[in-house]
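> Take a look at input27.cif, mmCIF, C-alpha atoms:
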```cif
data_run
loop_
_atom_site.label_atom_id
_atom_site.label_comp_id
_atom_site.auth_asym_id
_atom_site.auth_seq_id
_atom_site.Cartn_x
_atom_site.Cartn_y
_atom_site.Cartn_z
CA MET A 20 -27.32 -23.83 9.14
CA LYS A 21 -26.07 -25.87 12.11
CA ARG A 22 -22.45 -26.25 13.26
CA ILE A 23 -21.36 -29.85 13.79
CA LEU A 24 -18.07 -31.10 15.24
CA ILE A 25 -16.82 -34.54 14.11
CA VAL A 26 -14.23 -36.19 16.37
CA ASP A 27 -12.63 -39.33 14.93
CA ASP A 28 -9.02 -40.43 14.44
CA GLU A 29 -9.75 -42.03 11.04
CA PRO A 30 -9.56 -39.51 8.14
CA ASN A 31 -11.83 -41.55 5.83
CA VAL A 32 -14.54 -41.75 8.50
CA ARG A 33 -14.40 -37.99 9.06
CA LEU A 34 -14.63 -37.39 5.32
CA ASN A 35 -17.68 -39.66 4.96
CA TYR A 36 -19.45 -37.96 7.86
CA ARG A 37 -18.57 -34.52 6.49
CA ILE A 38 -19.98 -35.27 3.03
CA THR A 39 -23.11 -36.83 4.53
CA LEU A 40 -23.87 -33.81 6.74
CA GLU A 41 -22.77 -31.02 4.39
CA VAL A 42 -25.39 -32.25 1.91
CA GLU A 43 -27.95 -31.10 4.52
CA GLY A 44 -26.41 -27.60 4.50
CA HIS A 45 -24.63 -27.92 7.85
CA GLN A 46 -21.23 -26.42 8.61
CA VAL A 47 -18.93 -29.32 9.56
CA ILE A 48 -15.67 -28.98 11.50
CA GLU A 49 -13.53 -32.04 12.10
CA THR A 50 -10.71 -33.02 14.41
CA ALA A 51 -8.74 -36.22 15.04
CA SER A 52 -8.36 -36.04 18.81
CA GLY A 53 -10.40 -35.51 21.94
CA THR A 54 -7.92 -32.95 23.28
CA GLU A 55 -8.24 -30.75 20.19
CA ALA A 56 -12.01 -31.22 20.18
CA LEU A 57 -12.26 -29.95 23.76
CA LYS A 58 -10.35 -26.79 22.80
CA ARG A 59 -12.69 -26.16 19.87
CA LEU A 60 -15.79 -26.75 22.01
CA LYS A 61 -14.54 -24.18 24.55
CA LEU A 62 -13.86 -21.56 21.87
CA GLY A 63 -17.05 -21.76 19.79
CA LYS A 64 -20.67 -22.87 19.90
CA PHE A 65 -21.61 -26.14 18.21
CA ASP A 66 -25.09 -27.57 17.71
CA LEU A 67 -23.86 -31.18 17.78
CA ALA A 68 -20.71 -33.21 18.46
CA ILE A 69 -20.24 -36.68 16.92
CA LEU A 70 -17.67 -38.55 19.00
CA ASP A 71 -15.88 -41.79 18.14
CA MET A 72 -15.81 -44.14 21.13
CA ARG A 73 -12.27 -45.48 20.72
CA MET A 74 -9.48 -43.03 19.89
CA PRO A 75 -5.81 -42.86 20.94
CA GLY A 76 -5.39 -40.83 24.12
CA MET A 77 -8.76 -39.39 25.05
CA SER A 78 -11.68 -41.70 24.14
CA GLY A 79 -15.10 -40.47 23.13
CA LEU A 80 -16.44 -41.26 26.61
CA ASP A 81 -13.51 -39.44 28.26
CA LEU A 82 -14.19 -36.44 26.02
CA LEU A 83 -17.89 -36.47 26.84
CA ALA A 84 -17.11 -36.67 30.58
CA ALA A 85 -14.69 -33.72 30.24
CA MET A 86 -17.29 -31.72 28.33
CA ARG A 87 -19.90 -32.20 31.03
CA ALA A 88 -17.40 -31.52 33.83
CA GLN A 89 -16.56 -28.18 32.15
CA LYS A 90 -20.25 -27.31 31.66
CA ILE A 91 -20.12 -27.74 27.88
CA ARG A 92 -23.69 -28.76 27.05
CA THR A 93 -23.27 -29.44 23.34
CA PRO A 94 -25.52 -32.40 22.37
CA ALA A 95 -23.38 -35.46 21.61
CA ILE A 96 -23.72 -38.69 19.64
CA ILE A 97 -21.32 -41.52 20.51
CA VAL A 98 -20.30 -43.78 17.60
CA THR A 99 -18.59 -47.15 18.08
CA ALA A 100 -17.58 -50.18 16.04
CA TYR A 101 -18.31 -52.41 19.01
CA SER A 102 -21.55 -53.65 20.57
CA ASP A 103 -20.74 -52.49 24.09
CA VAL A 104 -23.68 -52.30 26.50
CA PRO A 105 -21.75 -51.00 29.56
CA ASN A 106 -20.24 -48.17 27.50
CA ALA A 107 -23.64 -47.39 25.99
CA VAL A 108 -25.09 -47.09 29.50
CA ARG A 109 -22.18 -44.88 30.57
CA ALA A 110 -22.66 -42.67 27.50
CA ILE A 111 -26.32 -42.13 28.34
CA GLN A 112 -25.46 -41.41 31.99
CA LEU A 113 -23.07 -38.70 30.80
CA GLY A 114 -25.85 -37.15 28.76
CA ALA A 115 -25.20 -38.53 25.27
CA SER A 116 -28.21 -37.96 23.05
CA ASP A 117 -27.73 -41.20 21.10
CA PHE A 118 -25.38 -44.17 20.74
CA LEU A 119 -24.77 -45.51 17.22
CA GLN A 120 -22.84 -48.51 15.93
CA LYS A 121 -20.55 -48.56 12.87
CA PRO A 122 -20.84 -48.98 9.96
CA LEU A 123 -23.32 -46.10 9.69
CA ARG A 124 -25.52 -45.63 6.66
CA PRO A 125 -25.57 -41.98 5.52
CA ASP A 126 -29.37 -41.83 5.82
CA ASP A 127 -29.20 -43.06 9.43
CA LEU A 128 -26.52 -40.54 10.37
CA ARG A 129 -28.46 -37.67 8.79
CA ARG A 130 -31.72 -38.73 10.44
CA VAL A 131 -30.31 -39.16 13.93
CA ALA A 132 -28.19 -35.97 13.73
CA ASN A 133 -31.21 -33.92 12.66
CA GLU A 134 -33.41 -35.50 15.33
CA VAL A 135 -30.88 -34.73 18.07
CA MET A 136 -30.38 -31.12 16.94
CA LEU A 137 -34.13 -30.60 16.65
CA ARG A 138 -34.68 -32.09 20.11
CA ASN A 139 -32.14 -29.66 21.60
CA SER A 140 -33.03 -26.52 19.64
CA GLU A 141 -34.96 -23.55 20.97
CA PRO A 142 -38.05 -23.25 18.75
CA ALA A 143 -39.09 -19.86 17.43
CA ALA A 144 -42.62 -18.69 18.12
CA PRO A 145 -44.72 -20.15 15.27
CA SER A 146 -46.96 -17.94 13.13
CA ASP A 147 -50.65 -18.69 12.59
CA ASP A 148 -49.86 -19.88 9.06
CA MET A 149 -47.17 -22.24 10.36
CA LEU A 150 -49.58 -23.60 12.96
CA ASN A 151 -52.23 -24.24 10.31
CA GLN A 152 -49.73 -25.99 8.03
CA PHE A 153 -48.37 -27.97 10.96
CA ASP A 154 -51.81 -29.09 12.13
CA HIS A 155 -52.71 -30.11 8.58
CA SER A 156 -49.49 -32.10 8.15
CA VAL A 157 -49.97 -33.92 11.47
CA ALA A 158 -53.61 -34.71 10.72
CA GLU A 159 -52.78 -36.01 7.24
CA ALA A 160 -49.86 -38.06 8.56
CA ARG A 161 -52.07 -39.73 11.16
CA ARG A 162 -54.83 -40.40 8.65
CA LEU A 163 -52.38 -42.06 6.24
CA ILE A 164 -50.69 -44.03 9.03
CA GLN A 165 -54.05 -45.44 10.07
CA SER A 166 -54.87 -46.33 6.48
CA GLY A 167 -51.51 -48.09 6.08
CA ASP A 168 -50.11 -45.75 3.41
CA LEU A 169 -46.80 -45.27 5.20
CA ASN A 170 -44.84 -43.84 2.26
CA ALA A 171 -47.35 -41.03 1.83
CA ALA A 172 -47.50 -40.52 5.60
CA LYS A 173 -43.72 -40.08 5.75
CA ALA A 174 -43.85 -36.95 3.58
CA HIS A 175 -46.35 -35.31 5.95
CA VAL A 176 -44.33 -36.36 9.01
CA LEU A 177 -41.20 -34.79 7.52
CA ARG A 178 -43.15 -31.62 6.76
CA ALA A 179 -44.43 -31.48 10.35
CA VAL A 180 -40.90 -31.94 11.69
CA GLU A 181 -39.62 -29.23 9.35
CA LEU A 182 -42.29 -26.76 10.52
CA ASN A 183 -41.72 -27.78 14.17
CA ALA A 184 -44.57 -25.59 15.44
CA ASP A 185 -45.08 -28.05 18.31
CA PRO A 186 -41.84 -30.03 18.87
CA ALA A 187 -43.46 -32.57 21.20
CA GLU A 188 -46.19 -33.33 18.69
CA SER A 189 -43.57 -33.55 15.90
CA PHE A 190 -41.79 -36.31 17.80
CA SER A 191 -45.06 -38.00 18.68
CA VAL A 192 -46.30 -38.31 15.10
CA ALA A 193 -42.82 -39.41 13.96
CA ALA A 194 -42.98 -42.10 16.67
CA GLU A 195 -46.37 -43.27 15.41
CA LEU A 196 -44.91 -43.73 11.94
CA ALA A 197 -41.90 -45.63 13.33
CA GLU A 198 -44.18 -47.83 15.43
CA LYS A 199 -46.44 -48.64 12.47
CA SER A 200 -43.33 -49.39 10.38
CA GLY A 201 -42.18 -51.94 12.97
CA ASP A 202 -39.24 -49.93 14.34
CA VAL A 203 -40.33 -50.22 17.97
CA GLU A 204 -37.04 -49.05 19.50
CA ARG A 205 -37.01 -45.85 17.42
CA ALA A 206 -40.66 -45.28 18.27
CA ARG A 207 -39.94 -45.67 21.98
CA LYS A 208 -37.11 -43.09 21.82
CA LEU A 209 -39.30 -40.61 19.94
CA TYR A 210 -42.24 -41.04 22.32
CA GLU A 211 -39.93 -40.48 25.28
CA ALA A 212 -38.47 -37.37 23.61
CA ALA A 213 -42.01 -36.02 23.08
CA ILE A 214 -42.93 -36.62 26.73
CA LYS A 215 -39.68 -34.99 27.87
CA LEU A 216 -40.71 -31.84 25.97
CA ASP A 217 -44.36 -31.99 27.06
CA ASP A 218 -45.35 -34.42 29.80
CA GLN A 219 -49.01 -33.76 28.97
CA ASN A 220 -48.75 -34.95 25.37
CA ALA A 221 -51.57 -37.49 25.30
CA SER A 222 -50.69 -39.19 22.01
CA ALA A 223 -47.08 -39.78 23.11
CA LYS A 224 -48.12 -41.14 26.51
CA LEU A 225 -50.65 -43.45 24.87
CA GLY A 226 -48.09 -44.63 22.28
CA LEU A 227 -45.45 -45.35 24.93
CA ARG A 228 -47.99 -47.27 27.02
CA ARG A 229 -48.96 -49.26 23.93
CA ILE A 230 -45.32 -50.21 23.27
CA PHE A 231 -44.71 -51.30 26.86
CA GLN A 232 -47.90 -53.37 26.85
CA SER A 233 -46.94 -55.12 23.63
CA LEU A 234 -43.43 -55.87 24.89
CA HIS A 235 -44.87 -57.18 28.16
CA ALA A 236 -47.27 -59.40 26.23
CA ILE A 237 -44.37 -60.85 24.24
CA GLU A 238 -42.51 -61.63 27.46
CA LEU A 239 -45.56 -63.40 28.90
CA GLN A 240 -45.90 -65.55 25.79
CA ARG A 241 -42.34 -66.89 26.03
CA PRO A 242 -42.06 -70.45 27.35
CA ALA A 243 -40.72 -70.74 30.90
CA GLY A 244 -36.93 -71.01 30.93
CA SER A 245 -36.47 -69.66 27.38
CA LEU A 246 -33.91 -66.96 26.68
#
```
Before we go any further, please render this structure as structure tokens.


Amino acid sequence: MKRILIVDDEPNVRLNYRITLEVEGHQVIETASGTEALKRLKLGKFDLAILDMRMPGMSGLDLLAAMRAQKIRTPAIIVTAYSDVPNAVRAIQLGASDFLQKPLRPDDLRRVANEVMLRNSEPAAPSDDMLNQFDHSVAEARRLIQSGDLNAAKAHVLRAVELNADPAESFSVAAELAEKSGDVERARKLYEAAIKLDDQNASAKLGLRRIFQSLHAIELQRPAGSL
């Protein structure tokens, strides 16, 4: 069970997030202000903080900056109702793990929260049985991805992520599924997360190179002067 702190000044938003994450078995604590959140983060360990960008007094970015200044390394997701590129850049510079825009679908919040916590967790040493199951799940996922059976592949990807015997490879195979499904931005993030964990992960390096090449090809095909 993971401990998650929700920081948002809107009670209905906090309630929706709480219900969404408690379904996964997580312990959810909520607060309406950045000042109170900072006190809670100092007193106890949290596995994730979900911060609203715009709140009265201390904003989500101000809170994140205060956390980092006080050496609080809790992984953080910034949520905003606005499409704000400069603030997104600032959030990443401060060490935010992701930047999401409202309204959030419950499935998206659960997926991103679990990905961020997995990315920042310390994996236990896997047993031989776990390794065998993990290798089988990864191999089956890749076989099904190549054959185009993405729904069946998803079940094996989720099983590999759950086992997490090799976190970098978990992210890599999840990225392959995202790429094949057409979600290039999610694939890019997952490939980069895999490489951050293991800079020798060949499948992640190849996948990231493939994405950059395809994006470059699209740019070259655009007529001169087009936006």

> So what do you get for atom CA of A:Leu137 versus atom CA of A:Glu49, distance-wise?

21.1 Å

> Could you please determine the separation between atom CA of A:Leu123 and atom CA of A:Ala160 in Å, to one decimal place?

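Atom CA of A:Ala160 lies at a distance of 27.8 Å from atom CA of A:Leu123.
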
> Kindly give the distance, in Å, that separates atom CA of A:Leu34 and atom CA of A:Thr50, rounded to a single decimal.

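Result for atom CA of A:Leu34 versus atom CA of A:Thr50: 10.8 Å, one decimal.
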
> Set the distance at 12 Å and use all atoms listed in the file: which residues neighbour A:Ala158 once local chain neighbours fewer than 3 positions away are removed? I'd like the list as a PyMOL selection string.

chain A and resi 151-155+161-165+172+175-176+178-179+188-189+192

> Could you check which of A:Leu82, A:Val157, A:Met77, A:Ala197 is closest to A:Asn183, using all atoms listed in the file?

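Checking each of A:Leu82, A:Val157, A:Met77, A:Ala197 against A:Asn183, counting all atoms listed in the file, the winner is A:Val157.
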
> Given the file shown, determine the residues that the PyMOL selection byres ((chain A and resi 116) around 6) selects; report them as an NGL selection string.

:A and (95-96 or 115 or 117)

> Name the residues within 12 Å of (-51.4, -39.8, 25.0), counting all atoms listed in the file in the file's coordinates, and put them as a PDB file with C-alpha atoms, in the frame of the given file.


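See out21.pdb below for the written result:
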```
ATOM      1  CA  ALA A 187     -43.460 -32.570  21.200  1.00  0.00           C
ATOM      2  CA  GLU A 188     -46.190 -33.330  18.690  1.00  0.00           C
ATOM      3  CA  SER A 191     -45.060 -38.000  18.680  1.00  0.00           C
ATOM      4  CA  VAL A 192     -46.300 -38.310  15.100  1.00  0.00           C
ATOM      5  CA  GLU A 195     -46.370 -43.270  15.410  1.00  0.00           C
ATOM      6  CA  TYR A 210     -42.240 -41.040  22.320  1.00  0.00           C
ATOM      7  CA  GLU A 211     -39.930 -40.480  25.280  1.00  0.00           C
ATOM      8  CA  ALA A 213     -42.010 -36.020  23.080  1.00  0.00           C
ATOM      9  CA  ILE A 214     -42.930 -36.620  26.730  1.00  0.00           C
ATOM     10  CA  ASP A 217     -44.360 -31.990  27.060  1.00  0.00           C
ATOM     11  CA  ASP A 218     -45.350 -34.420  29.800  1.00  0.00           C
ATOM     12  CA  GLN A 219     -49.010 -33.760  28.970  1.00  0.00           C
ATOM     13  CA  ASN A 220     -48.750 -34.950  25.370  1.00  0.00           C
ATOM     14  CA  ALA A 221     -51.570 -37.490  25.300  1.00  0.00           C
ATOM     15  CA  SER A 222     -50.690 -39.190  22.010  1.00  0.00           C
ATOM     16  CA  ALA A 223     -47.080 -39.780  23.110  1.00  0.00           C
ATOM     17  CA  LYS A 224     -48.120 -41.140  26.510  1.00  0.00           C
ATOM     18  CA  LEU A 225     -50.650 -43.450  24.870  1.00  0.00           C
ATOM     19  CA  GLY A 226     -48.090 -44.630  22.280  1.00  0.00           C
ATOM     20  CA  LEU A 227     -45.450 -45.350  24.930  1.00  0.00           C
ATOM     21  CA  ARG A 228     -47.990 -47.270  27.020  1.00  0.00           C
ATOM     22  CA  ARG A 229     -48.960 -49.260  23.930  1.00  0.00           C
TER      23      ARG A 229
END
```

> Let me know the residues the PyMOL selection byres ((chain A and resi 92) around 10) catches in the file above, as number ranges by chain.

A: 60, 64-67, 83, 86-91, 93-95, 114

> Exactly which residues make up the result of the PyMOL selection byres ((chain A and resi 29) around 12) on this file, given as a ChimeraX atom specification?

/A:25-28,30-36,49-52,70-75

> Just need the box for stretch 151-164 of chain A, edges along x, y and z, holding every atom the file lists for it with 5 Å tacked onto each side, so centre and edge lengths in Å to one decimal, as JSON.


```
{"center_x": -51.6, "center_y": -34.1, "center_z": 9.2, "size_x": 16.5, "size_y": 29.8, "size_z": 15.9}
```

> Have stretch 80-99 of chain A completed to N, CA and C atoms, please, and pass it along as a CSV table (one decimal), in the coordinates of the input.


```
chain,number,residue,atom,x,y,z
A,80,LEU,N,-15.8,-41.4,25.3
A,80,LEU,CA,-16.4,-41.3,26.6
A,80,LEU,C,-15.7,-40.3,27.5
A,81,ASP,N,-14.3,-40.4,27.5
A,81,ASP,CA,-13.5,-39.4,28.3
A,81,ASP,C,-13.8,-38.0,27.8
A,82,LEU,N,-13.9,-37.8,26.5
A,82,LEU,CA,-14.2,-36.4,26.0
A,82,LEU,C,-15.6,-36.0,26.5
A,83,LEU,N,-16.5,-36.8,26.4
A,83,LEU,CA,-17.9,-36.5,26.8
A,83,LEU,C,-17.9,-36.1,28.3
A,84,ALA,N,-17.2,-36.9,29.1
A,84,ALA,CA,-17.1,-36.7,30.6
A,84,ALA,C,-16.4,-35.3,30.8
A,85,ALA,N,-15.4,-35.0,30.1
A,85,ALA,CA,-14.7,-33.7,30.2
A,85,ALA,C,-15.6,-32.6,29.8
A,86,MET,N,-16.4,-32.8,28.8
A,86,MET,CA,-17.3,-31.7,28.3
A,86,MET,C,-18.3,-31.4,29.4
A,87,ARG,N,-18.9,-32.4,30.0
A,87,ARG,CA,-19.9,-32.2,31.0
A,87,ARG,C,-19.3,-31.6,32.3
A,88,ALA,N,-18.1,-32.0,32.6
A,88,ALA,CA,-17.4,-31.5,33.8
A,88,ALA,C,-17.1,-30.0,33.7
A,89,GLN,N,-16.9,-29.6,32.4
A,89,GLN,CA,-16.6,-28.2,32.2
A,89,GLN,C,-17.8,-27.4,31.7
A,90,LYS,N,-19.0,-28.0,31.9
A,90,LYS,CA,-20.2,-27.3,31.7
A,90,LYS,C,-20.5,-27.0,30.2
A,91,ILE,N,-19.9,-27.8,29.3
A,91,ILE,CA,-20.1,-27.7,27.9
A,91,ILE,C,-21.3,-28.6,27.6
A,92,ARG,N,-22.4,-28.0,27.2
A,92,ARG,CA,-23.7,-28.8,27.0
A,92,ARG,C,-24.0,-29.1,25.6
A,93,THR,N,-23.0,-29.1,24.7
A,93,THR,CA,-23.3,-29.4,23.3
A,93,THR,C,-23.9,-30.9,23.2
A,94,PRO,N,-25.0,-31.0,22.6
A,94,PRO,CA,-25.5,-32.4,22.4
A,94,PRO,C,-24.5,-33.3,21.7
A,95,ALA,N,-24.4,-34.6,22.1
A,95,ALA,CA,-23.4,-35.5,21.6
A,95,ALA,C,-24.0,-36.8,21.2
A,96,ILE,N,-23.4,-37.3,20.1
A,96,ILE,CA,-23.7,-38.7,19.6
A,96,ILE,C,-22.4,-39.5,19.7
A,97,ILE,N,-22.5,-40.6,20.4
A,97,ILE,CA,-21.3,-41.5,20.5
A,97,ILE,C,-21.4,-42.6,19.4
A,98,VAL,N,-20.3,-42.8,18.7
A,98,VAL,CA,-20.3,-43.8,17.6
A,98,VAL,C,-19.2,-44.8,17.9
A,99,THR,N,-19.5,-46.1,17.8
A,99,THR,CA,-18.6,-47.2,18.1
A,99,THR,C,-18.7,-48.3,17.1
```
